[in-house]
>>> print(open('query36.pdb').read())   # PDB, N, CA and C atoms and all ligand atoms
ATOM      1  N   MET Y   1      60.754 -38.331 -72.911
ATOM      2  CA  MET Y   1      62.083 -38.935 -72.876
ATOM      3  C   MET Y   1      61.974 -40.379 -73.381
ATOM      4  N   VAL Y   2      62.699 -40.667 -74.425
ATOM      5  CA  VAL Y   2      62.653 -42.010 -74.985
ATOM      6  C   VAL Y   2      63.865 -42.789 -74.511
ATOM      7  N   CYS Y   3      63.617 -43.942 -74.012
ATOM      8  CA  CYS Y   3      64.705 -44.779 -73.547
ATOM      9  C   CYS Y   3      64.838 -45.980 -74.460
ATOM     10  N   ARG Y   4      65.889 -46.025 -75.163
ATOM     11  CA  ARG Y   4      66.083 -47.157 -76.055
ATOM     12  C   ARG Y   4      67.058 -48.142 -75.450
ATOM     13  N   SER Y   5      66.711 -49.395 -75.580
ATOM     14  CA  SER Y   5      67.597 -50.401 -75.014
ATOM     15  C   SER Y   5      68.828 -50.577 -75.892
ATOM     16  N   SER Y   6      68.754 -50.011 -77.097
ATOM     17  CA  SER Y   6      69.879 -50.174 -78.010
ATOM     18  C   SER Y   6      70.967 -49.115 -77.794
ATOM     19  N   VAL Y   7      70.750 -48.234 -76.825
ATOM     20  CA  VAL Y   7      71.783 -47.236 -76.573
ATOM     21  C   VAL Y   7      73.074 -47.940 -76.198
ATOM     22  N   ARG Y   8      74.130 -47.421 -76.714
ATOM     23  CA  ARG Y   8      75.403 -48.072 -76.410
ATOM     24  C   ARG Y   8      75.751 -47.906 -74.949
ATOM     25  N   LYS Y   9      76.561 -48.807 -74.473
ATOM     26  CA  LYS Y   9      76.884 -48.849 -73.059
ATOM     27  C   LYS Y   9      77.428 -47.508 -72.567
ATOM     28  N   ASN Y  10      78.327 -46.931 -73.338
ATOM     29  CA  ASN Y  10      78.918 -45.667 -72.906
ATOM     30  C   ASN Y  10      77.873 -44.565 -72.806
ATOM     31  N   ASN Y  11      76.987 -44.520 -73.790
ATOM     32  CA  ASN Y  11      75.918 -43.534 -73.728
ATOM     33  C   ASN Y  11      75.052 -43.743 -72.505
ATOM     34  N   LEU Y  12      74.800 -44.999 -72.241
ATOM     35  CA  LEU Y  12      73.918 -45.331 -71.131
ATOM     36  C   LEU Y  12      74.522 -44.893 -69.802
ATOM     37  N   THR Y  13      75.794 -45.191 -69.617
ATOM     38  CA  THR Y  13      76.405 -44.782 -68.347
ATOM     39  C   THR Y  13      76.428 -43.263 -68.229
ATOM     40  N   THR Y  14      76.673 -42.590 -69.351
ATOM     41  CA  THR Y  14      76.653 -41.123 -69.312
ATOM     42  C   THR Y  14      75.271 -40.618 -68.940
ATOM     43  N   ARG Y  15      74.274 -41.237 -69.543
ATOM     44  CA  ARG Y  15      72.907 -40.818 -69.242
ATOM     45  C   ARG Y  15      72.562 -41.054 -67.787
ATOM     46  N   ILE Y  16      72.989 -42.174 -67.264
ATOM     47  CA  ILE Y  16      72.669 -42.448 -65.862
ATOM     48  C   ILE Y  16      73.390 -41.448 -64.965
ATOM     49  N   GLU Y  17      74.625 -41.094 -65.341
ATOM     50  CA  GLU Y  17      75.335 -40.100 -64.551
ATOM     51  C   GLU Y  17      74.600 -38.759 -64.581
ATOM     52  N   GLU Y  18      74.033 -38.438 -65.741
ATOM     53  CA  GLU Y  18      73.358 -37.147 -65.873
ATOM     54  C   GLU Y  18      71.950 -37.154 -65.290
ATOM     55  N   GLU Y  19      71.231 -38.247 -65.579
ATOM     56  CA  GLU Y  19      69.808 -38.261 -65.226
ATOM     57  C   GLU Y  19      69.520 -39.094 -63.998
ATOM     58  N   GLY Y  20      70.516 -39.822 -63.564
ATOM     59  CA  GLY Y  20      70.251 -40.798 -62.517
ATOM     60  C   GLY Y  20      70.074 -40.176 -61.154
ATOM     61  N   PHE Y  21      69.635 -41.021 -60.256
ATOM     62  CA  PHE Y  21      69.496 -40.600 -58.875
ATOM     63  C   PHE Y  21      70.062 -41.698 -57.996
ATOM     64  N   ARG Y  22      70.409 -41.322 -56.823
ATOM     65  CA  ARG Y  22      70.951 -42.284 -55.891
ATOM     66  C   ARG Y  22      69.823 -43.168 -55.373
ATOM     67  N   ALA Y  23      69.978 -44.453 -55.560
ATOM     68  CA  ALA Y  23      68.912 -45.358 -55.160
ATOM     69  C   ALA Y  23      68.806 -45.421 -53.650
ATOM     70  N   VAL Y  24      67.591 -45.305 -53.169
ATOM     71  CA  VAL Y  24      67.381 -45.424 -51.729
ATOM     72  C   VAL Y  24      67.691 -46.850 -51.290
ATOM     73  N   ILE Y  25      67.301 -47.770 -52.157
ATOM     74  CA  ILE Y  25      67.582 -49.175 -51.880
ATOM     75  C   ILE Y  25      68.653 -49.637 -52.854
ATOM     76  N   PRO Y  26      69.869 -49.784 -52.396
ATOM     77  CA  PRO Y  26      70.935 -50.205 -53.306
ATOM     78  C   PRO Y  26      70.761 -51.648 -53.743
ATOM     79  N   CYS Y  27      71.308 -51.975 -54.906
ATOM     80  CA  CYS Y  27      71.214 -53.352 -55.365
ATOM     81  C   CYS Y  27      72.251 -54.206 -54.633
ATOM     82  N   GLU Y  28      72.119 -55.499 -54.822
ATOM     83  CA  GLU Y  28      72.977 -56.415 -54.062
ATOM     84  C   GLU Y  28      74.458 -56.194 -54.339
ATOM     85  N   ARG Y  29      74.759 -55.928 -55.613
ATOM     86  CA  ARG Y  29      76.153 -55.732 -55.982
ATOM     87  C   ARG Y  29      76.745 -54.511 -55.275
ATOM     88  N   CYS Y  30      75.990 -53.416 -55.270
ATOM     89  CA  CYS Y  30      76.480 -52.200 -54.629
ATOM     90  C   CYS Y  30      76.606 -52.373 -53.132
ATOM     91  N   VAL Y  31      75.685 -53.146 -52.565
ATOM     92  CA  VAL Y  31      75.787 -53.412 -51.140
ATOM     93  C   VAL Y  31      77.072 -54.177 -50.861
ATOM     94  N   ARG Y  32      77.318 -55.169 -51.707
ATOM     95  CA  ARG Y  32      78.498 -56.017 -51.510
ATOM     96  C   ARG Y  32      79.776 -55.208 -51.664
ATOM     97  N   LEU Y  33      79.790 -54.337 -52.665
ATOM     98  CA  LEU Y  33      80.994 -53.551 -52.916
ATOM     99  C   LEU Y  33      81.025 -52.251 -52.118
ATOM    100  N   LYS Y  34      79.961 -52.046 -51.328
ATOM    101  CA  LYS Y  34      79.836 -50.826 -50.518
ATOM    102  C   LYS Y  34      79.931 -49.576 -51.385
ATOM    103  N   ARG Y  35      79.207 -49.618 -52.490
ATOM    104  CA  ARG Y  35      79.211 -48.473 -53.387
ATOM    105  C   ARG Y  35      77.842 -47.813 -53.400
ATOM    106  N   VAL Y  36      77.852 -46.571 -53.845
ATOM    107  CA  VAL Y  36      76.577 -45.881 -54.000
ATOM    108  C   VAL Y  36      75.878 -46.443 -55.216
ATOM    109  N   CYS Y  37      74.628 -46.806 -55.048
ATOM    110  CA  CYS Y  37      73.874 -47.376 -56.154
ATOM    111  C   CYS Y  37      73.184 -46.239 -56.901
ATOM    112  N   PHE Y  38      73.606 -46.046 -58.118
ATOM    113  CA  PHE Y  38      73.127 -44.929 -58.902
ATOM    114  C   PHE Y  38      72.328 -45.475 -60.068
ATOM    115  N   ARG Y  39      71.077 -45.098 -60.175
ATOM    116  CA  ARG Y  39      70.294 -45.635 -61.267
ATOM    117  C   ARG Y  39      69.427 -44.570 -61.924
ATOM    118  N   ALA Y  40      68.938 -44.896 -63.102
ATOM    119  CA  ALA Y  40      68.063 -43.988 -63.821
ATOM    120  C   ALA Y  40      66.913 -44.782 -64.397
ATOM    121  N   GLU Y  41      65.871 -44.062 -64.751
ATOM    122  CA  GLU Y  41      64.682 -44.758 -65.225
ATOM    123  C   GLU Y  41      64.888 -45.416 -66.572
ATOM    124  N   CYS Y  42      65.888 -44.971 -67.311
ATOM    125  CA  CYS Y  42      66.072 -45.532 -68.650
ATOM    126  C   CYS Y  42      66.817 -46.857 -68.613
ATOM    127  N   SER Y  43      67.205 -47.299 -67.443
ATOM    128  CA  SER Y  43      67.896 -48.575 -67.377
ATOM    129  C   SER Y  43      67.403 -49.382 -66.192
ATOM    130  N   ASP Y  44      67.318 -50.678 -66.390
ATOM    131  CA  ASP Y  44      66.927 -51.506 -65.255
ATOM    132  C   ASP Y  44      68.139 -51.929 -64.445
ATOM    133  N   LYS Y  45      69.307 -51.501 -64.919
ATOM    134  CA  LYS Y  45      70.516 -51.796 -64.153
ATOM    135  C   LYS Y  45      71.102 -50.507 -63.615
ATOM    136  N   CYS Y  46      71.786 -50.620 -62.503
ATOM    137  CA  CYS Y  46      72.395 -49.427 -61.945
ATOM    138  C   CYS Y  46      73.745 -49.197 -62.617
ATOM    139  N   LEU Y  47      74.287 -48.027 -62.368
ATOM    140  CA  LEU Y  47      75.551 -47.649 -62.986
ATOM    141  C   LEU Y  47      76.651 -48.646 -62.673
ATOM    142  N   GLY Y  48      76.723 -49.057 -61.433
ATOM    143  CA  GLY Y  48      77.758 -50.000 -61.021
ATOM    144  C   GLY Y  48      77.676 -51.318 -61.768
ATOM    145  N   CYS Y  49      76.459 -51.806 -61.954
ATOM    146  CA  CYS Y  49      76.296 -53.100 -62.619
ATOM    147  C   CYS Y  49      76.607 -52.986 -64.106
ATOM    148  N   ILE Y  50      76.268 -51.874 -64.727
ATOM    149  CA  ILE Y  50      76.597 -51.689 -66.143
ATOM    150  C   ILE Y  50      78.109 -51.575 -66.291
ATOM    151  N   ALA Y  51      78.703 -50.768 -65.438
ATOM    152  CA  ALA Y  51      80.153 -50.583 -65.497
ATOM    153  C   ALA Y  51      80.883 -51.887 -65.192
ATOM    154  N   GLY Y  52      80.231 -52.724 -64.424
ATOM    155  CA  GLY Y  52      80.853 -53.990 -64.047
ATOM    156  C   GLY Y  52      80.802 -55.034 -65.147
ATOM    157  N   GLY Y  53      80.369 -54.639 -66.327
ATOM    158  CA  GLY Y  53      80.414 -55.553 -67.444
ATOM    159  C   GLY Y  53      79.042 -55.985 -67.944
ATOM    160  N   GLY Y  54      78.007 -55.622 -67.208
ATOM    161  CA  GLY Y  54      76.656 -55.881 -67.672
ATOM    162  C   GLY Y  54      76.179 -57.297 -67.447
ATOM    163  N   ARG Y  55      77.051 -58.155 -67.017
ATOM    164  CA  ARG Y  55      76.608 -59.527 -66.809
ATOM    165  C   ARG Y  55      76.029 -59.712 -65.420
ATOM    166  N   ALA Y  56      76.438 -58.818 -64.549
ATOM    167  CA  ALA Y  56      75.924 -58.917 -63.191
ATOM    168  C   ALA Y  56      74.432 -58.638 -63.187
ATOM    169  N   LYS Y  57      73.728 -59.372 -62.380
ATOM    170  CA  LYS Y  57      72.310 -59.103 -62.231
ATOM    171  C   LYS Y  57      72.152 -57.947 -61.275
ATOM    172  N   CYS Y  58      71.321 -57.011 -61.673
ATOM    173  CA  CYS Y  58      71.076 -55.885 -60.787
ATOM    174  C   CYS Y  58      69.789 -56.148 -60.024
ATOM    175  N   VAL Y  59      69.947 -56.669 -58.850
ATOM    176  CA  VAL Y  59      68.770 -56.966 -58.032
ATOM    177  C   VAL Y  59      68.844 -56.175 -56.746
ATOM    178  N   MET Y  60      67.743 -55.616 -56.384
ATOM    179  CA  MET Y  60      67.704 -54.904 -55.122
ATOM    180  C   MET Y  60      67.839 -55.906 -53.992
ATOM    181  N   SER Y  61      68.652 -55.529 -53.054
ATOM    182  CA  SER Y  61      68.895 -56.432 -51.944
ATOM    183  C   SER Y  61      67.644 -56.559 -51.104
ATOM    184  N   LYS Y  62      67.320 -57.778 -50.812
ATOM    185  CA  LYS Y  62      66.136 -57.959 -49.975
ATOM    186  C   LYS Y  62      66.563 -57.979 -48.550
ATOM    187  N   PRO Y  63      65.725 -57.533 -47.826
ATOM    188  CA  PRO Y  63      66.015 -56.808 -46.611
ATOM    189  C   PRO Y  63      66.276 -57.662 -45.402
ATOM    190  N   THR Y  64      66.987 -57.101 -44.735
ATOM    191  CA  THR Y  64      67.192 -56.909 -43.323
ATOM    192  C   THR Y  64      66.210 -55.866 -42.775
ATOM    193  N   TYR Y  65      65.364 -55.310 -43.643
ATOM    194  CA  TYR Y  65      64.396 -54.336 -43.149
ATOM    195  C   TYR Y  65      63.118 -55.036 -42.718
ATOM    196  N   SER Y  66      62.398 -54.377 -41.865
ATOM    197  CA  SER Y  66      61.062 -54.872 -41.546
ATOM    198  C   SER Y  66      60.136 -54.529 -42.696
ATOM    199  N   ASP Y  67      58.971 -55.142 -42.683
ATOM    200  CA  ASP Y  67      58.028 -54.931 -43.770
ATOM    201  C   ASP Y  67      57.658 -53.464 -43.921
ATOM    202  N   ALA Y  68      57.399 -52.816 -42.823
ATOM    203  CA  ALA Y  68      56.987 -51.416 -42.863
ATOM    204  C   ALA Y  68      58.128 -50.535 -43.380
ATOM    205  N   GLU Y  69      59.318 -50.790 -42.895
ATOM    206  CA  GLU Y  69      60.486 -50.013 -43.335
ATOM    207  C   GLU Y  69      60.715 -50.198 -44.824
ATOM    208  N   TRP Y  70      60.572 -51.428 -45.244
ATOM    209  CA  TRP Y  70      60.783 -51.755 -46.652
ATOM    210  C   TRP Y  70      59.800 -50.985 -47.524
ATOM    211  N   ARG Y  71      58.539 -50.992 -47.118
ATOM    212  CA  ARG Y  71      57.533 -50.271 -47.903
ATOM    213  C   ARG Y  71      57.862 -48.784 -47.950
ATOM    214  N   LYS Y  72      58.341 -48.270 -46.832
ATOM    215  CA  LYS Y  72      58.690 -46.852 -46.773
ATOM    216  C   LYS Y  72      59.824 -46.548 -47.763
ATOM    217  N   LEU Y  73      60.820 -47.420 -47.787
ATOM    218  CA  LEU Y  73      61.953 -47.224 -48.686
ATOM    219  C   LEU Y  73      61.517 -47.267 -50.147
ATOM    220  N   VAL Y  74      60.663 -48.235 -50.472
ATOM    221  CA  VAL Y  74      60.187 -48.340 -51.847
ATOM    222  C   VAL Y  74      59.431 -47.078 -52.231
ATOM    223  N   LYS Y  75      58.628 -46.589 -51.304
ATOM    224  CA  LYS Y  75      57.854 -45.378 -51.569
ATOM    225  C   LYS Y  75      58.788 -44.184 -51.787
ATOM    226  N   MET Y  76      59.814 -44.070 -50.940
ATOM    227  CA  MET Y  76      60.786 -42.986 -51.083
ATOM    228  C   MET Y  76      61.428 -43.021 -52.454
ATOM    229  N   GLN Y  77      61.786 -44.231 -52.867
ATOM    230  CA  GLN Y  77      62.445 -44.388 -54.152
ATOM    231  C   GLN Y  77      61.523 -43.936 -55.284
ATOM    232  N   GLN Y  78      60.252 -44.322 -55.179
ATOM    233  CA  GLN Y  78      59.299 -43.916 -56.209
ATOM    234  C   GLN Y  78      59.111 -42.410 -56.211
ATOM    235  N   GLU Y  79      59.129 -41.813 -55.019
ATOM    236  CA  GLU Y  79      58.967 -40.370 -54.943
ATOM    237  C   GLU Y  79      60.145 -39.651 -55.589
ATOM    238  N   ILE Y  80      61.341 -40.144 -55.353
ATOM    239  CA  ILE Y  80      62.515 -39.529 -55.976
ATOM    240  C   ILE Y  80      62.381 -39.579 -57.491
ATOM    241  N   ALA Y  81      61.965 -40.745 -57.993
ATOM    242  CA  ALA Y  81      61.793 -40.892 -59.437
ATOM    243  C   ALA Y  81      60.731 -39.935 -59.954
ATOM    244  N   ALA Y  82      59.643 -39.807 -59.215
ATOM    245  CA  ALA Y  82      58.558 -38.924 -59.641
ATOM    246  C   ALA Y  82      59.010 -37.469 -59.630
ATOM    247  N   GLN Y  83      59.737 -37.086 -58.596
ATOM    248  CA  GLN Y  83      60.226 -35.714 -58.508
ATOM    249  C   GLN Y  83      61.150 -35.397 -59.665
ATOM    250  N   ARG Y  84      61.976 -36.351 -60.011
ATOM    251  CA  ARG Y  84      62.906 -36.120 -61.117
ATOM    252  C   ARG Y  84      62.137 -35.926 -62.408
ATOM    253  N   LYS Y  85      61.085 -36.715 -62.592
ATOM    254  CA  LYS Y  85      60.261 -36.576 -63.782
ATOM    255  C   LYS Y  85      59.680 -35.172 -63.835
ATOM    256  N   GLU Y  86      59.162 -34.721 -62.702
ATOM    257  CA  GLU Y  86      58.567 -33.391 -62.659
ATOM    258  C   GLU Y  86      59.585 -32.328 -62.997
ATOM    259  N   SER Y  87      60.756 -32.425 -62.399
ATOM    260  CA  SER Y  87      61.755 -31.372 -62.627
ATOM    261  C   SER Y  87      62.234 -31.389 -64.064
ATOM    262  N   VAL Y  88      62.259 -32.568 -64.679
ATOM    263  CA  VAL Y  88      62.651 -32.643 -66.076
ATOM    264  C   VAL Y  88      61.600 -31.977 -66.951
ATOM    265  N   SER Y  89      60.304 -32.322 -66.702
ATOM    266  CA  SER Y  89      59.271 -31.756 -67.561
ATOM    267  C   SER Y  89      59.081 -30.273 -67.320
ATOM    268  N   SER Y  90      59.300 -29.816 -66.068
ATOM    269  CA  SER Y  90      59.092 -28.396 -65.809
ATOM    270  C   SER Y  90      60.213 -27.557 -66.413
ATOM    271  N   SER Y  91      61.363 -28.192 -66.643
ATOM    272  CA  SER Y  91      62.450 -27.419 -67.237
ATOM    273  C   SER Y  91      62.180 -27.104 -68.704
ATOM    274  N   TYR Y  92      61.177 -27.781 -69.268
ATOM    275  CA  TYR Y  92      60.816 -27.475 -70.644
ATOM    276  C   TYR Y  92      59.744 -26.372 -70.727
ATOM    277  N   ALA Y  93      59.214 -26.014 -69.561
ATOM    278  CA  ALA Y  93      58.174 -24.991 -69.549
ATOM    279  C   ALA Y  93      58.796 -23.630 -69.896
ATOM    280  N   PRO Y  94      58.022 -22.766 -70.527
ATOM    281  CA  PRO Y  94      58.544 -21.456 -70.914
ATOM    282  C   PRO Y  94      58.803 -20.566 -69.709
TER     283      PRO Y  94
HETATM  284 ZN    ZN Y 101      73.645 -50.786 -57.667
HETATM  285 ZN    ZN Y 102      73.102 -52.864 -59.681
END
>>> encode(input="query36.pdb", output="structure tokens", more="lines below")
Ligand SMILES: [Zn+2]
Ligand SMILES: [Zn+2]
Amino acid sequence: MVCRSSVRKNNLTTRIEEEGFRAVIPCERCVRLKRVCFRAECSDKCLGCIAGGGRAKCVMSKPTYSDAEWRKLVKMQQEIAAQRKESVSSSYAP
């Protein structure tokens, strides 16, 4: 899967809708707006931040979590991303 930064905004949002996953750790903007933070590996910004005009910084909110909880959340997020990669590549198998 090739991710080009030159993809147009509309394509990008469509791709995130199709390929994205719900972020375990929402970004600050989504937390503020109480929205689901939806992101994909092909973008460093979440759907909400791209739709919001792209000027918003997409930063994961730093926690109110304890250190251990935070690490657990980061790990969960990585696992979701890894699982998605697997399911994408396995769908190409004969
Ligand atoms: Zn977000
Ligand atoms: Zn964001």
>>> residues_near_ligand(input="query36.pdb", ligand="ligand ZN 101 (chain Y)", cutoff="5 Å", atoms="only N, CA and C atoms and all ligand atoms", output="MDAnalysis selection string")
chainID Y and resid 26:27 30 37:38 46
>>> resolve_selection(input="query36.pdb", expression="the PyMOL selection byres (((chain Y and resi 72-76 and name CA) around 12) and not hetatm and name CA)", output="number ranges by chain")
Y: 21-26, 60-63, 65-71, 77-83
>>> closest_atom_pairs(input="query36.pdb", of="chain Y", to="ligand ZN 102 (chain Y)", cutoff="6 Å", atoms="all atoms listed in the file", output="JSON lines")
{"residue": "Y:Cys27", "atom": "CA", "partner": "Y:ZN102", "partner_atom": "ZN", "distance": 4.7}
{"residue": "Y:Glu28", "atom": "N", "partner": "Y:ZN102", "partner_atom": "ZN", "distance": 5.6}
{"residue": "Y:Arg29", "atom": "N", "partner": "Y:ZN102", "partner_atom": "ZN", "distance": 5.4}
{"residue": "Y:Cys30", "atom": "N", "partner": "Y:ZN102", "partner_atom": "ZN", "distance": 5.3}
{"residue": "Y:Lys45", "atom": "C", "partner": "Y:ZN102", "partner_atom": "ZN", "distance": 5.0}
{"residue": "Y:Cys46", "atom": "N", "partner": "Y:ZN102", "partner_atom": "ZN", "distance": 3.8}
{"residue": "Y:Leu47", "atom": "N", "partner": "Y:ZN102", "partner_atom": "ZN", "distance": 5.7}
{"residue": "Y:Gly48", "atom": "C", "partner": "Y:ZN102", "partner_atom": "ZN", "distance": 5.3}
{"residue": "Y:Cys49", "atom": "N", "partner": "Y:ZN102", "partner_atom": "ZN", "distance": 4.2}
{"residue": "Y:Lys57", "atom": "C", "partner": "Y:ZN102", "partner_atom": "ZN", "distance": 5.4}
{"residue": "Y:Cys58", "atom": "CA", "partner": "Y:ZN102", "partner_atom": "ZN", "distance": 3.8}
{"residue": "Y:Val59", "atom": "N", "partner": "Y:ZN102", "partner_atom": "ZN", "distance": 5.0}
>>> write_last_selection(input="query36.pdb", atoms="N, CA and C atoms", output="tab-separated table (two decimals), in the coordinates of the input")
chain	number	residue	atom	x	y	z
Y	27	CYS	N	71.31	-51.98	-54.91
Y	27	CYS	CA	71.21	-53.35	-55.36
Y	27	CYS	C	72.25	-54.21	-54.63
Y	28	GLU	N	72.12	-55.50	-54.82
Y	28	GLU	CA	72.98	-56.42	-54.06
Y	28	GLU	C	74.46	-56.19	-54.34
Y	29	ARG	N	74.76	-55.93	-55.61
Y	29	ARG	CA	76.15	-55.73	-55.98
Y	29	ARG	C	76.74	-54.51	-55.28
Y	30	CYS	N	75.99	-53.42	-55.27
Y	30	CYS	CA	76.48	-52.20	-54.63
Y	30	CYS	C	76.61	-52.37	-53.13
Y	45	LYS	N	69.31	-51.50	-64.92
Y	45	LYS	CA	70.52	-51.80	-64.15
Y	45	LYS	C	71.10	-50.51	-63.62
Y	46	CYS	N	71.79	-50.62	-62.50
Y	46	CYS	CA	72.40	-49.43	-61.94
Y	46	CYS	C	73.74	-49.20	-62.62
Y	47	LEU	N	74.29	-48.03	-62.37
Y	47	LEU	CA	75.55	-47.65	-62.99
Y	47	LEU	C	76.65	-48.65	-62.67
Y	48	GLY	N	76.72	-49.06	-61.43
Y	48	GLY	CA	77.76	-50.00	-61.02
Y	48	GLY	C	77.68	-51.32	-61.77
Y	49	CYS	N	76.46	-51.81	-61.95
Y	49	CYS	CA	76.30	-53.10	-62.62
Y	49	CYS	C	76.61	-52.99	-64.11
Y	57	LYS	N	73.73	-59.37	-62.38
Y	57	LYS	CA	72.31	-59.10	-62.23
Y	57	LYS	C	72.15	-57.95	-61.28
Y	58	CYS	N	71.32	-57.01	-61.67
Y	58	CYS	CA	71.08	-55.88	-60.79
Y	58	CYS	C	69.79	-56.15	-60.02
Y	59	VAL	N	69.95	-56.67	-58.85
Y	59	VAL	CA	68.77	-56.97	-58.03
Y	59	VAL	C	68.84	-56.18	-56.75
>>> atom_distance(input="query36.pdb", atom1="CA of Glu18 (chain Y)", atom2="atom C of Ser87 (chain Y)")
12.7 Å
>>> atom_distance(input="query36.pdb", atom1="CA of Thr13 (chain Y)", atom2="atom C of Val31 (chain Y)")
19.9 Å
>>> atom_distance(input="query36.pdb", atom1="atom C of Asn11 (chain Y)", atom2="atom N of Arg32 (chain Y)")
23.8 Å
>>> resolve_selection(input="query36.pdb", expression="the PyMOL selection byres (((chain Y and resi 14 and name CA) around 12) and not hetatm and name CA)", output="list in words")
Val7, Arg8, Lys9, Asn10, Asn11, Leu12, Thr13, Arg15, Ile16, Glu17, Glu18, Glu19, Gly20, Phe38, Arg39, Ala40, Cys42, Ser43, Cys46, Leu47, Ile50 and Ala51 of chain Y
>>> axis_aligned_box(input="query36.pdb", around="region 71-80 of chain Y", padding_each_side="5 Å", output="lines of an AutoDock Vina configuration file")
center_x = 60.0
center_y = -45.3
center_z = -52.1
size_x = 15.0
size_y = 21.5
size_z = 20.7
